[in-house]
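Visitor: This is the structure I have questions about; it appears just below.
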Amino acid sequence: MPDETLHLPLIQSVLEREKDTPGALLPILHAIQEGAGYIPDVAIPEIAHALNLSLAEVRGVISFYHDFRTTPPARHTLRLCRAESCQSMGAERLAAQLREQLDLDDHGTSADGQISLRPVYCLGACACSPALELDGRLHARLTPERLSALVKGCLEDGSC
């Protein structure tokens with residue numbers, strides 16, 4: 001686990017800039033995550049103190065929104081579409097393949113920290129189902145073989 005105190009200058013800078021903004025909690029959390037890659041545990045008491053909130057209130061907001069992370073992100077993020085069009089074209093089979101190949105659940109990260117799996121409910125590629133986004137790049141009309149090759153590339157040499 002990285003030394004989270006290294007993020008304190010970033011946290012203090014964000015709090016100074018945003019603490020007096022109405023509804024500051026979400027902008028603060030987004031800015032910290034953008035700068036650190038996640039919301040470090042050390043940020044929670046700092047945010048609570050600056051905004052006169054309880055620790056539970058800050059943690060509650062972080063846990064409510066799925067886009068906030070409380071651990072460092074994986075090297076690669078794979079977002080598999082689970083909307084109706086992709087489901088009808090085999091997305092569930094692909095999800096099962098990923099869970100088995102990476103030994104994780106739908107919101108998990110591989111044991112080596114290389115790939116995290118996140119379901120999404122539309123990537124806007126319905127005409128090209130099933131689809132996924134890997135590190136921000138869309139891959140459509142996926143087959144089990146193409147998916148396996150993508151994941152293998154990420155795990156072996158990082159060439160996703």
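Ordered as shown in the structure tokens, chains take letters A, B, and onward, while each chain numbers its residues from 1 and ligands are numbered from 1 in the order shown.
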Which residues, written as a ChimeraX atom specification, have at least one atom at most 7 Å from segment 15-25 of chain A, with only C-alpha atoms counted and residues fewer than 3 positions away on the same chain left out?
Guide: /A:11-12,28-29,50-51
Visitor: I need the residues from that last selection saved to file as a PDB file, in the first residue's frame (with all heavy atoms), if you can.
Guide:
```pdb
ATOM      1  N   ILE A  11      -4.315  17.245  -1.192  1.00  0.00           N
ATOM      2  CA  ILE A  11      -5.569  17.356  -0.439  1.00  0.00           C
ATOM      3  C   ILE A  11      -5.722  18.765   0.131  1.00  0.00           C
ATOM      4  O   ILE A  11      -6.785  19.385  -0.011  1.00  0.00           O
ATOM      5  CB  ILE A  11      -5.613  16.284   0.678  1.00  0.00           C
ATOM      6  CG1 ILE A  11      -5.680  14.889   0.055  1.00  0.00           C
ATOM      7  CG2 ILE A  11      -6.786  16.527   1.620  1.00  0.00           C
ATOM      8  CD1 ILE A  11      -5.334  13.760   1.016  1.00  0.00           C
ATOM      9  N   GLN A  12      -4.670  19.282   0.733  1.00  0.00           N
ATOM     10  CA  GLN A  12      -4.726  20.628   1.308  1.00  0.00           C
ATOM     11  C   GLN A  12      -4.967  21.686   0.236  1.00  0.00           C
ATOM     12  O   GLN A  12      -5.725  22.631   0.444  1.00  0.00           O
ATOM     13  CB  GLN A  12      -3.443  20.926   2.088  1.00  0.00           C
ATOM     14  CG  GLN A  12      -3.276  20.092   3.335  1.00  0.00           C
ATOM     15  CD  GLN A  12      -4.431  20.262   4.310  1.00  0.00           C
ATOM     16  OE1 GLN A  12      -5.014  21.323   4.446  1.00  0.00           O
ATOM     17  NE2 GLN A  12      -4.773  19.184   4.998  1.00  0.00           N
ATOM     18  N   ILE A  28     -14.652  18.520  -4.365  1.00  0.00           N
ATOM     19  CA  ILE A  28     -13.433  18.179  -3.631  1.00  0.00           C
ATOM     20  C   ILE A  28     -13.067  16.713  -3.864  1.00  0.00           C
ATOM     21  O   ILE A  28     -11.916  16.382  -4.166  1.00  0.00           O
ATOM     22  CB  ILE A  28     -13.593  18.492  -2.129  1.00  0.00           C
ATOM     23  CG1 ILE A  28     -13.558  20.003  -1.909  1.00  0.00           C
ATOM     24  CG2 ILE A  28     -12.527  17.785  -1.296  1.00  0.00           C
ATOM     25  CD1 ILE A  28     -13.940  20.441  -0.506  1.00  0.00           C
ATOM     26  N   LEU A  29     -14.041  15.830  -3.722  1.00  0.00           N
ATOM     27  CA  LEU A  29     -13.770  14.413  -3.924  1.00  0.00           C
ATOM     28  C   LEU A  29     -13.297  14.127  -5.347  1.00  0.00           C
ATOM     29  O   LEU A  29     -12.346  13.369  -5.553  1.00  0.00           O
ATOM     30  CB  LEU A  29     -15.010  13.575  -3.590  1.00  0.00           C
ATOM     31  CG  LEU A  29     -15.412  13.555  -2.119  1.00  0.00           C
ATOM     32  CD1 LEU A  29     -16.768  12.875  -1.947  1.00  0.00           C
ATOM     33  CD2 LEU A  29     -14.346  12.877  -1.266  1.00  0.00           C
ATOM     34  N   ALA A  50     -12.551  20.345   7.224  1.00  0.00           N
ATOM     35  CA  ALA A  50     -12.653  21.559   6.411  1.00  0.00           C
ATOM     36  C   ALA A  50     -14.103  21.947   6.118  1.00  0.00           C
ATOM     37  O   ALA A  50     -14.424  23.127   6.022  1.00  0.00           O
ATOM     38  CB  ALA A  50     -11.887  21.385   5.103  1.00  0.00           C
ATOM     39  N   LEU A  51     -14.975  20.954   5.987  1.00  0.00           N
ATOM     40  CA  LEU A  51     -16.369  21.223   5.624  1.00  0.00           C
ATOM     41  C   LEU A  51     -17.322  21.121   6.815  1.00  0.00           C
ATOM     42  O   LEU A  51     -18.538  21.234   6.635  1.00  0.00           O
ATOM     43  CB  LEU A  51     -16.814  20.265   4.518  1.00  0.00           C
ATOM     44  CG  LEU A  51     -16.048  20.351   3.198  1.00  0.00           C
ATOM     45  CD1 LEU A  51     -16.591  19.336   2.212  1.00  0.00           C
ATOM     46  CD2 LEU A  51     -16.080  21.753   2.624  1.00  0.00           C
TER      47      LEU A  51
END
```
Visitor: Let's see if you can do this: from backbone DSSP, list all strand (DSSP E) residues in segment 5-150 of chain A, as a PDB file with C-alpha atoms, in the first residue's frame.
Guide:
```pdb
ATOM      1  CA  HIS A  76      -5.972  -1.130 -16.744  1.00  0.00           C
ATOM      2  CA  THR A  77      -9.730  -0.561 -16.451  1.00  0.00           C
ATOM      3  CA  LEU A  78     -12.098  -2.739 -18.433  1.00  0.00           C
ATOM      4  CA  ARG A  79     -15.699  -1.513 -18.592  1.00  0.00           C
ATOM      5  CA  LEU A  80     -18.011  -4.151 -20.042  1.00  0.00           C
ATOM      6  CA  CYS A  81     -21.394  -2.984 -21.318  1.00  0.00           C
ATOM      7  CA  ILE A 115      -6.996  -5.131 -14.513  1.00  0.00           C
ATOM      8  CA  SER A 116     -10.171  -3.951 -12.833  1.00  0.00           C
ATOM      9  CA  LEU A 117     -13.577  -4.940 -14.155  1.00  0.00           C
ATOM     10  CA  ARG A 118     -16.472  -2.479 -14.047  1.00  0.00           C
ATOM     11  CA  PRO A 119     -19.908  -3.110 -15.533  1.00  0.00           C
ATOM     12  CA  VAL A 120     -21.513  -0.148 -17.288  1.00  0.00           C
ATOM     13  CA  LEU A 132     -16.373  -2.906 -23.885  1.00  0.00           C
ATOM     14  CA  GLU A 133     -14.079  -0.024 -23.109  1.00  0.00           C
ATOM     15  CA  LEU A 134     -10.498  -0.833 -22.175  1.00  0.00           C
ATOM     16  CA  ARG A 137     -10.679   2.724 -25.989  1.00  0.00           C
ATOM     17  CA  LEU A 138     -13.878   1.158 -27.341  1.00  0.00           C
ATOM     18  CA  HIS A 139     -13.810  -2.445 -28.586  1.00  0.00           C
TER      19      HIS A 139
END
```
Visitor: Using only C-alpha atoms, which protein or nucleic acid residues come within 10 Å of His7 of chain A? Drop anything in the same chain fewer than 6 positions from it, and give the result as a PyMOL selection string.
Guide: chain A and resi 32+35-36+39-40+42-43
Visitor: Export, as a compact mmCIF listing (two decimals), in the first residue's frame, the selected residues with all heavy atoms.
Guide:
```txt
# COMPACT_ATOMS: atom_id res chain seq x y z
N ILE A 32 -9.65 15.44 -5.75
CA ILE A 32 -8.68 14.58 -5.07
C ILE A 32 -8.48 13.28 -5.85
O ILE A 32 -7.35 12.84 -6.07
CB ILE A 32 -9.10 14.32 -3.61
CG1 ILE A 32 -8.97 15.62 -2.81
CG2 ILE A 32 -8.24 13.20 -3.00
CD1 ILE A 32 -9.54 15.55 -1.40
N GLY A 35 -6.43 13.87 -8.93
CA GLY A 35 -5.01 14.09 -8.64
C GLY A 35 -4.29 12.88 -8.09
O GLY A 35 -3.13 12.63 -8.43
N ALA A 36 -4.94 12.11 -7.23
CA ALA A 36 -4.29 10.98 -6.57
C ALA A 36 -4.61 9.64 -7.23
O ALA A 36 -3.94 8.65 -6.97
CB ALA A 36 -4.70 10.93 -5.10
N ILE A 39 -9.44 8.16 -3.62
CA ILE A 39 -9.64 8.97 -2.41
C ILE A 39 -8.88 8.28 -1.28
O ILE A 39 -9.34 7.26 -0.76
CB ILE A 39 -11.14 9.09 -2.03
CG1 ILE A 39 -12.01 9.53 -3.19
CG2 ILE A 39 -11.28 10.03 -0.83
CD1 ILE A 39 -11.77 10.91 -3.71
N PRO A 40 -7.70 8.77 -0.93
CA PRO A 40 -6.94 8.14 0.15
C PRO A 40 -7.68 8.28 1.49
O PRO A 40 -8.36 9.27 1.73
CB PRO A 40 -5.63 8.92 0.19
CG PRO A 40 -5.63 9.82 -0.97
CD PRO A 40 -7.02 9.92 -1.50
N VAL A 42 -6.55 8.98 4.27
CA VAL A 42 -6.06 10.14 5.01
C VAL A 42 -6.81 11.42 4.64
O VAL A 42 -6.83 12.39 5.39
CB VAL A 42 -4.53 10.30 4.79
CG1 VAL A 42 -4.21 10.75 3.38
CG2 VAL A 42 -3.91 11.22 5.81
N ALA A 43 -7.49 11.42 3.49
CA ALA A 43 -8.23 12.61 3.05
C ALA A 43 -9.54 12.79 3.80
O ALA A 43 -10.03 13.92 3.97
CB ALA A 43 -8.54 12.52 1.56
```
Visitor: Go through A:Met89, A:Val14, A:Cys126, A:Ile47 one by one, measure the shortest atom-to-atom distance of each to Ile62 of chain A using only C-alpha atoms, and give the residue with the smallest value.
Guide: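 Checking each candidate against Ile62 of chain A, we get A:Ile47 as the closest.
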Visitor: Env of Ser85 of chain A: 10 Å cut, atoms = only C-alpha atoms, seq-sep filter 3 positions within chain, self excluded. Answer as a list of chain:residue names.
Guide: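 Residues near the query, excluding close chain neighbours: A:Cys81, A:Arg82, A:Ser88, A:Met89, A:Gly90, A:Ala91, A:Cys122, A:Ala125, A:Cys126, A:Ala127, A:Cys128, A:Ser129, A:Pro130, A:Ala131.
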Visitor: Select, from A:Gly136, A:Pro73, A:Gln114, A:Ala83, the residue with the minimum atom-to-atom distance to Glu34 of chain A, counting only C-alpha atoms.
Guide: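 Of A:Gly136, A:Pro73, A:Gln114, A:Ala83, the one nearest Glu34 of chain A, counting only C-alpha atoms, is A:Pro73.
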Visitor: Could you please determine the separation between atom CA of Arg69 of chain A and atom CA of Ile44 of chain A in Å, to one decimal place?
Guide: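 Taking atom CA of Arg69 of chain A and atom CA of Ile44 of chain A, their separation equals 12.6 Å.
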Visitor: Just the residues within 10 Å of Arg75 of chain A, please, counting only C-alpha atoms, with nothing from its chain fewer than 3 positions along; format it as an MDAnalysis selection string.
Guide: chainID A and resid 72 109 112:116 135 154:155 158
Visitor: Take the residues just selected and output them with all heavy atoms as a PDB file, in the first residue's frame.
Guide:
```
ATOM      1  N   PRO A  72      -5.961   2.506  -4.704  1.00  0.00           N
ATOM      2  CA  PRO A  72      -5.328   2.886  -5.970  1.00  0.00           C
ATOM      3  C   PRO A  72      -5.916   2.090  -7.131  1.00  0.00           C
ATOM      4  O   PRO A  72      -6.246   0.906  -6.975  1.00  0.00           O
ATOM      5  CB  PRO A  72      -3.848   2.543  -5.757  1.00  0.00           C
ATOM      6  CG  PRO A  72      -3.663   2.578  -4.277  1.00  0.00           C
ATOM      7  CD  PRO A  72      -4.972   2.091  -3.705  1.00  0.00           C
ATOM      8  N   THR A 109     -10.784  -6.290  -8.915  1.00  0.00           N
ATOM      9  CA  THR A 109      -9.472  -6.048  -9.511  1.00  0.00           C
ATOM     10  C   THR A 109      -8.695  -7.347  -9.426  1.00  0.00           C
ATOM     11  O   THR A 109      -8.744  -8.044  -8.413  1.00  0.00           O
ATOM     12  CB  THR A 109      -8.729  -4.932  -8.753  1.00  0.00           C
ATOM     13  OG1 THR A 109      -9.505  -3.727  -8.864  1.00  0.00           O
ATOM     14  CG2 THR A 109      -7.350  -4.675  -9.341  1.00  0.00           C
ATOM     15  N   ASP A 112      -3.117  -9.342  -9.206  1.00  0.00           N
ATOM     16  CA  ASP A 112      -1.850  -8.654  -9.485  1.00  0.00           C
ATOM     17  C   ASP A 112      -2.024  -7.150  -9.678  1.00  0.00           C
ATOM     18  O   ASP A 112      -1.059  -6.439  -9.929  1.00  0.00           O
ATOM     19  CB  ASP A 112      -1.169  -9.261 -10.705  1.00  0.00           C
ATOM     20  CG  ASP A 112      -2.013  -9.175 -11.961  1.00  0.00           C
ATOM     21  OD1 ASP A 112      -3.111  -8.562 -11.942  1.00  0.00           O
ATOM     22  OD2 ASP A 112      -1.589  -9.737 -12.992  1.00  0.00           O
ATOM     23  N   GLY A 113      -3.267  -6.654  -9.561  1.00  0.00           N
ATOM     24  CA  GLY A 113      -3.523  -5.222  -9.701  1.00  0.00           C
ATOM     25  C   GLY A 113      -3.461  -4.709 -11.119  1.00  0.00           C
ATOM     26  O   GLY A 113      -3.447  -3.500 -11.350  1.00  0.00           O
ATOM     27  N   GLN A 114      -3.455  -5.607 -12.087  1.00  0.00           N
ATOM     28  CA  GLN A 114      -3.319  -5.197 -13.482  1.00  0.00           C
ATOM     29  C   GLN A 114      -4.626  -4.729 -14.114  1.00  0.00           C
ATOM     30  O   GLN A 114      -4.636  -3.759 -14.853  1.00  0.00           O
ATOM     31  CB  GLN A 114      -2.742  -6.347 -14.318  1.00  0.00           C
ATOM     32  CG  GLN A 114      -1.293  -6.638 -14.022  1.00  0.00           C
ATOM     33  CD  GLN A 114      -0.405  -5.485 -14.408  1.00  0.00           C
ATOM     34  OE1 GLN A 114      -0.424  -5.012 -15.542  1.00  0.00           O
ATOM     35  NE2 GLN A 114       0.364  -4.988 -13.457  1.00  0.00           N
ATOM     36  N   ILE A 115      -5.727  -5.427 -13.830  1.00  0.00           N
ATOM     37  CA  ILE A 115      -6.996  -5.131 -14.513  1.00  0.00           C
ATOM     38  C   ILE A 115      -8.128  -5.056 -13.502  1.00  0.00           C
ATOM     39  O   ILE A 115      -8.265  -5.934 -12.651  1.00  0.00           O
ATOM     40  CB  ILE A 115      -7.337  -6.209 -15.563  1.00  0.00           C
ATOM     41  CG1 ILE A 115      -6.253  -6.284 -16.629  1.00  0.00           C
ATOM     42  CG2 ILE A 115      -8.690  -5.914 -16.205  1.00  0.00           C
ATOM     43  CD1 ILE A 115      -6.484  -7.366 -17.662  1.00  0.00           C
ATOM     44  N   SER A 116      -8.943  -4.006 -13.617  1.00  0.00           N
ATOM     45  CA  SER A 116     -10.171  -3.951 -12.833  1.00  0.00           C
ATOM     46  C   SER A 116     -11.344  -4.055 -13.802  1.00  0.00           C
ATOM     47  O   SER A 116     -11.285  -3.563 -14.928  1.00  0.00           O
ATOM     48  CB  SER A 116     -10.261  -2.672 -11.999  1.00  0.00           C
ATOM     49  OG  SER A 116     -10.374  -1.544 -12.821  1.00  0.00           O
ATOM     50  N   ASP A 135      -9.314   0.914 -21.010  1.00  0.00           N
ATOM     51  CA  ASP A 135      -8.468   2.104 -20.868  1.00  0.00           C
ATOM     52  C   ASP A 135      -8.923   3.248 -21.778  1.00  0.00           C
ATOM     53  O   ASP A 135      -8.127   3.936 -22.405  1.00  0.00           O
ATOM     54  CB  ASP A 135      -7.005   1.769 -21.133  1.00  0.00           C
ATOM     55  CG  ASP A 135      -6.422   0.828 -20.104  1.00  0.00           C
ATOM     56  OD1 ASP A 135      -7.002   0.717 -19.007  1.00  0.00           O
ATOM     57  OD2 ASP A 135      -5.395   0.190 -20.390  1.00  0.00           O
ATOM     58  N   CYS A 154      -2.914  -7.436 -22.071  1.00  0.00           N
ATOM     59  CA  CYS A 154      -2.779  -6.572 -20.897  1.00  0.00           C
ATOM     60  C   CYS A 154      -1.945  -7.233 -19.809  1.00  0.00           C
ATOM     61  O   CYS A 154      -1.112  -6.598 -19.176  1.00  0.00           O
ATOM     62  CB  CYS A 154      -4.148  -6.237 -20.314  1.00  0.00           C
ATOM     63  SG  CYS A 154      -5.075  -5.051 -21.255  1.00  0.00           S
ATOM     64  N   LEU A 155      -2.195  -8.506 -19.595  1.00  0.00           N
ATOM     65  CA  LEU A 155      -1.519  -9.212 -18.508  1.00  0.00           C
ATOM     66  C   LEU A 155      -0.057  -9.525 -18.834  1.00  0.00           C
ATOM     67  O   LEU A 155       0.787  -9.502 -17.953  1.00  0.00           O
ATOM     68  CB  LEU A 155      -2.260 -10.509 -18.169  1.00  0.00           C
ATOM     69  CG  LEU A 155      -3.662 -10.335 -17.582  1.00  0.00           C
ATOM     70  CD1 LEU A 155      -4.331 -11.691 -17.420  1.00  0.00           C
ATOM     71  CD2 LEU A 155      -3.614  -9.589 -16.269  1.00  0.00           C
ATOM     72  N   GLY A 158       1.253  -5.537 -21.177  1.00  0.00           N
ATOM     73  CA  GLY A 158       0.619  -4.224 -21.025  1.00  0.00           C
ATOM     74  C   GLY A 158       0.127  -3.610 -22.309  1.00  0.00           C
ATOM     75  O   GLY A 158      -0.291  -2.466 -22.332  1.00  0.00           O
TER      76      GLY A 158
END
```
Visitor: Going by DSSP on the backbone, which residues of chain A come out as alpha helix (DSSP H)? List them as a PyMOL selection string.
Guide: chain A and resi 8-18+25-36+43-51+55-64+84-88+91-102+144-157
Visitor: Suppose you want the space between atom CA of Phe64 of chain A and atom CA of Leu104 of chain A; what is it in Å?
Guide: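 Going from atom CA of Phe64 of chain A over to atom CA of Leu104 of chain A, I get 21.6 Å.
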Visitor: Excluding Leu98 of chain A and any residue of its chain fewer than 6 positions from it, enumerate the residues within 9 Å of it, using only C-alpha atoms, and give them as a short mmCIF file (atom, residue, chain, number, x, y, z; two decimals) with C-alpha atoms, in the first residue's frame.
Guide:
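Wrote result07.cif, looks like this:
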```cif
data_model
loop_
_atom_site.label_atom_id
_atom_site.label_comp_id
_atom_site.auth_asym_id
_atom_site.auth_seq_id
_atom_site.Cartn_x
_atom_site.Cartn_y
_atom_site.Cartn_z
CA LEU A 104 -12.65 -11.61 -9.74
CA ASP A 105 -16.19 -10.36 -9.47
CA ASP A 106 -17.98 -7.70 -11.53
CA LEU A 117 -13.58 -4.94 -14.16
CA LEU A 147 -11.70 -10.71 -25.47
CA SER A 148 -9.26 -13.39 -24.36
CA VAL A 151 -6.88 -9.52 -21.65
#
```
